[in-house]
$ cat data32.txt   # compact mmCIF, C-alpha atoms
# COMPACT_ATOMS: atom_id res chain seq x y z
CA MET I 1 15.90 -38.46 -12.97
CA ILE I 2 17.14 -40.72 -15.76
CA ARG I 3 19.56 -39.28 -18.30
CA LEU I 4 18.76 -39.80 -21.95
CA TYR I 5 21.52 -41.21 -24.09
CA ASP I 6 21.89 -41.95 -27.78
CA GLY I 7 20.37 -45.32 -28.61
CA MET I 8 18.26 -45.47 -25.45
CA LEU I 9 15.00 -47.43 -25.78
CA LEU I 10 11.80 -45.77 -24.58
CA TYR I 11 8.36 -47.38 -24.29
CA HIS I 12 4.71 -46.36 -24.50
CA GLY I 13 1.86 -48.63 -23.36
CA SER I 14 -1.51 -48.12 -25.06
CA TYR I 15 -4.68 -49.78 -26.34
CA CYS I 16 -3.34 -49.20 -29.87
CA LEU I 17 -0.01 -49.33 -31.66
CA VAL I 18 1.55 -45.87 -32.02
CA GLU I 19 4.00 -45.79 -34.91
CA GLU I 20 4.26 -41.99 -35.07
CA PRO I 21 3.15 -39.97 -32.03
CA ASP I 22 0.69 -37.16 -32.83
CA LEU I 23 0.44 -34.59 -30.02
CA SER I 24 -2.90 -33.33 -31.35
CA LYS I 25 -4.42 -36.71 -30.37
CA CYS I 26 -3.03 -36.61 -26.83
CA ALA I 27 -5.33 -35.91 -23.89
CA LYS I 28 -5.03 -32.39 -22.50
CA ARG I 29 -5.64 -33.10 -18.83
CA LYS I 30 -2.72 -35.34 -17.90
CA ASP I 31 -0.56 -35.07 -14.77
CA PHE I 32 2.07 -32.98 -16.56
CA GLY I 33 -0.18 -31.51 -19.26
CA GLN I 34 -0.81 -32.56 -22.83
CA GLY I 35 1.95 -34.73 -24.21
CA PHE I 36 3.08 -38.14 -25.34
CA TYR I 37 4.33 -40.00 -22.29
CA LEU I 38 7.24 -42.44 -22.46
CA THR I 39 9.14 -44.52 -19.92
CA SER I 40 12.51 -46.23 -19.92
CA SER I 41 10.88 -49.24 -18.22
CA LYS I 42 9.12 -51.81 -20.40
CA LYS I 43 7.50 -53.19 -17.24
CA GLN I 44 6.03 -49.77 -16.40
CA ALA I 45 4.70 -49.39 -19.96
CA ALA I 46 3.02 -52.79 -19.61
CA SER I 47 1.39 -51.68 -16.35
CA PHE I 48 -0.34 -48.81 -18.22
CA LEU I 49 -2.00 -51.15 -20.74
CA ARG I 50 -5.04 -52.06 -18.61
CA THR I 51 -5.78 -48.42 -17.75
CA SER I 52 -5.41 -47.38 -21.39
CA ILE I 53 -7.73 -50.17 -22.56
CA LEU I 54 -10.38 -49.32 -19.95
CA LYS I 55 -10.29 -45.59 -20.76
CA ALA I 56 -10.56 -46.26 -24.52
CA ALA I 57 -13.45 -48.68 -23.98
CA ASN I 58 -15.30 -46.19 -21.74
CA ALA I 59 -14.82 -43.48 -24.40
CA LYS I 60 -16.17 -45.94 -27.03
CA MET I 61 -12.92 -45.74 -28.98
CA ILE I 62 -12.58 -49.54 -28.89
CA ASP I 63 -14.86 -52.49 -28.31
CA ARG I 64 -15.34 -53.39 -24.64
CA THR I 65 -14.22 -56.94 -25.37
CA GLN I 66 -10.69 -55.86 -26.37
CA ASN I 67 -8.39 -57.32 -23.73
CA TYR I 68 -5.00 -56.59 -25.28
CA GLY I 69 -2.81 -53.58 -25.86
CA TYR I 70 0.53 -52.67 -27.36
CA ILE I 71 3.90 -51.55 -26.11
CA SER I 72 5.37 -49.25 -28.72
CA THR I 73 9.17 -48.96 -28.64
CA TYR I 74 11.21 -45.94 -29.71
CA GLN I 75 14.94 -45.42 -29.91
CA PHE I 76 16.20 -42.04 -28.73
CA HIS I 77 18.64 -40.18 -31.03

$ encode --input "data32.txt" --output "structure tokens"
Amino acid sequence: MIRLYDGMLLYHGSYCLVEEPDLSKCAKRKDFGQGFYLTSSKKQAASFLRTSILKAANAKMIDRTQNYGYISTYQFH
């Protein structure tokens, strides 16, 4: 397990930019329950982009032609 430290950068890969996480918009049936998932690895966040884009397109939240996503970055305090 990685220890969090002040100033640590955390990443979230998604079909959309997330400036302020809103737990009410998070899916309820995730591996560890409803929540906003972050990683300390920018590479891992990037690997989630395709899945996020496909899920959003299948749910008709975005146009099927969207082929880009966003890596939102947060600094832990």

$ closest_residue --input "data32.txt" --among "I:Phe48, I:Tyr68, I:Tyr37, I:Tyr74" --to "Gly7 of chain I" --atoms "only C-alpha atoms"
I:Tyr74

$ closest_residue --input "data32.txt" --among "I:Asn67, I:Thr73, I:Ser14, I:Ser24" --to "Lys42 of chain I" --atoms "all atoms listed in the file"
I:Thr73

$ atom_distance --input "data32.txt" --atom1 "atom CA of Lys60 of chain I" --atom2 "atom CA of Leu10 of chain I"
28.1 Å

$ closest_residue --input "data32.txt" --among "I:Phe76, I:Tyr11, I:Tyr70, I:Tyr5" --to "Leu38 of chain I" --atoms "all atoms listed in the file"
I:Tyr11

$ residues_around --input "data32.txt" --residues "Leu49 of chain I" --least-positions-apart "6" --cutoff "7 Å" --atoms "all atoms listed in the file" --output "PyMOL selection string"
chain I and resi 13-15+69

$ write_last_selection --input "data32.txt" --atoms "C-alpha atoms" --output "PDB file, in the coordinates of the input"
ATOM      1  CA  GLY I  13       1.860 -48.630 -23.360  1.00  0.00           C
ATOM      2  CA  SER I  14      -1.510 -48.120 -25.060  1.00  0.00           C
ATOM      3  CA  TYR I  15      -4.680 -49.780 -26.340  1.00  0.00           C
ATOM      4  CA  GLY I  69      -2.810 -53.580 -25.860  1.00  0.00           C
TER       5      GLY I  69
END

$ residues_around --input "data32.txt" --residues "Ser40 of chain I" --least-positions-apart "4" --cutoff "9 Å" --atoms "only C-alpha atoms" --output "ChimeraX atom specification"
/I:2,8-11,44-45

$ atom_distance --input "data32.txt" --atom1 "atom CA of Thr39 of chain I" --atom2 "atom CA of His12 of chain I"
6.6 Å

$ residues_around --input "data32.txt" --residues "Lys25 of chain I" --least-positions-apart "6" --cutoff "10 Å" --atoms "all atoms listed in the file" --output "CSV table (one decimal) with C-alpha atoms, in the coordinates of the input"
chain,number,residue,atom,x,y,z
I,34,GLN,CA,-0.8,-32.6,-22.8
I,35,GLY,CA,2.0,-34.7,-24.2
I,36,PHE,CA,3.1,-38.1,-25.3

$ atom_distance --input "data32.txt" --atom1 "atom CA of Ser41 of chain I" --atom2 "atom CA of Ala56 of chain I"
22.5 Å

$ decode --input "data32.txt" --residues "segment 39-54 of chain I" --atoms "N, CA and C atoms" --output "short mmCIF file (atom, residue, chain, number, x, y, z; two decimals), in the first residue's frame"
data_model
loop_
_atom_site.label_atom_id
_atom_site.label_comp_id
_atom_site.auth_asym_id
_atom_site.auth_seq_id
_atom_site.Cartn_x
_atom_site.Cartn_y
_atom_site.Cartn_z
N THR I 39 -5.42 7.28 -8.43
CA THR I 39 -4.20 6.49 -8.43
C THR I 39 -3.00 7.44 -8.33
N SER I 40 -1.91 6.92 -7.82
CA SER I 40 -0.68 7.71 -7.77
C SER I 40 0.10 7.58 -9.07
N SER I 41 -0.38 6.75 -9.99
CA SER I 41 0.30 6.50 -11.26
C SER I 41 -0.44 7.18 -12.41
N LYS I 42 0.22 8.13 -13.05
CA LYS I 42 -0.37 8.80 -14.22
C LYS I 42 -0.59 7.78 -15.35
N LYS I 43 0.32 6.84 -15.48
CA LYS I 43 0.22 5.80 -16.50
C LYS I 43 -1.04 4.94 -16.27
N GLN I 44 -1.31 4.59 -15.03
CA GLN I 44 -2.50 3.80 -14.72
C GLN I 44 -3.76 4.60 -15.00
N ALA I 45 -3.78 5.88 -14.67
CA ALA I 45 -4.94 6.74 -14.97
C ALA I 45 -5.18 6.77 -16.47
N ALA I 46 -4.11 6.87 -17.25
CA ALA I 46 -4.24 6.88 -18.72
C ALA I 46 -4.81 5.57 -19.23
N SER I 47 -4.48 4.47 -18.58
CA SER I 47 -4.99 3.16 -19.03
C SER I 47 -6.49 3.03 -18.81
N PHE I 48 -7.07 3.83 -17.91
CA PHE I 48 -8.51 3.78 -17.66
C PHE I 48 -9.32 4.61 -18.66
N LEU I 49 -8.64 5.45 -19.44
CA LEU I 49 -9.36 6.35 -20.35
C LEU I 49 -10.23 5.59 -21.34
N ARG I 50 -9.69 4.60 -22.01
CA ARG I 50 -10.46 3.88 -23.04
C ARG I 50 -11.71 3.24 -22.45
N THR I 51 -11.58 2.60 -21.30
CA THR I 51 -12.72 1.97 -20.65
C THR I 51 -13.77 3.02 -20.28
N SER I 52 -13.33 4.14 -19.74
CA SER I 52 -14.25 5.21 -19.35
C SER I 52 -15.00 5.76 -20.57
N ILE I 53 -14.28 5.96 -21.66
CA ILE I 53 -14.88 6.48 -22.89
C ILE I 53 -15.91 5.49 -23.44
N LEU I 54 -15.57 4.22 -23.47
CA LEU I 54 -16.49 3.19 -23.98
C LEU I 54 -17.75 3.10 -23.12
#
